[in-house]
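Note sheet for the following structure.
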Amino acid sequence: MTNRRDVLALGILAGTACLAPVGVGLGAEQCSETTRAEAIGAALLDKYVAAVNAHDTSSFPELHTESYIQHSGRSPNGLAAQIENFRGIFGRMPDVQTRVEDRIIAGDKVVARMSFSATHTQPLLGIAPTGRRFTLRTIDIWRVENGKFAEHWDIVDYQGLQKQLRGE
């Protein structure tokens, strides 16, 4: 089933509508380039979350540029590295699900406060599996270029994760 947000986002990509702040579709002539860019960023974030929750990297080429830059230093740059990184995450956390807690989209930037929840079934951060549910919280910033994520910065709450895994 397609929801209103998806329909409006598809309209943006086709150049026929735009998202107003409260989700009202406007005619293409009423949309600024900034509004169009923000709608594309919102649609990308929604597609990214859907792909992660489906544990499916097949849509990553539609979401990330080939030369995707990962500024965290935890994984190499490039689309192929991003795909492999998430395949590894799905292997280590087979029940991982993500959720957007907050989002700010302005111009070519998408900022999201995210949570990734899973069960601790494999060693993580040097801590043996506990079987506990945990939630890893992040703040992610992407730069959008030509309708795809081109760069990524993040802050990850590893201290909070370690406390959960230790049962503190």
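Residues are named by chain letter and number: chains run A, B, ... in the order of the structure tokens, numbers start at 1 in each chain, and ligands are numbered from 1 in the order shown.
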| task | Skip A:Asp102 itself and residues of its chain fewer than 3 positions away, then list as a ChimeraX atom specification all residues within 10 Å of it, counting only C-alpha atoms. | result | /A:99,111-115,139
| message | Residues near stretch 125-131 of chain A, anyone? I mean within 8 Å using only C-alpha atoms, not counting same-chain ones fewer than 3 positions away, as a ChimeraX atom specification. | response | /A:119-122,162,165-166
| In Å, with one decimal, what is the gap from atom CA of A:Gly167 to atom CA of A:His55? | 27.2 Å
| request: Would you mind telling me which residue in A:Arg137, A:Arg132, A:His71, A:Arg103 lies nearest to A:Phe116 when using only C-alpha atoms? | output: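 Of the candidates, the smallest distance to A:Phe116 is held by A:Arg137.
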| message | From the options A:Glu151, A:Ser67, A:Arg143, A:Gln164, which residue's atoms come nearest to A:Ala106, counting only C-alpha atoms? | response |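 Closest candidate: A:Arg143.
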| message | According to DSSP computed on the backbone, where in chain A is there alpha helix (DSSP H)? Give the residues as a PyMOL selection string. | response | chain A and resi 4-14+33-53+60-63+79-92+158-166
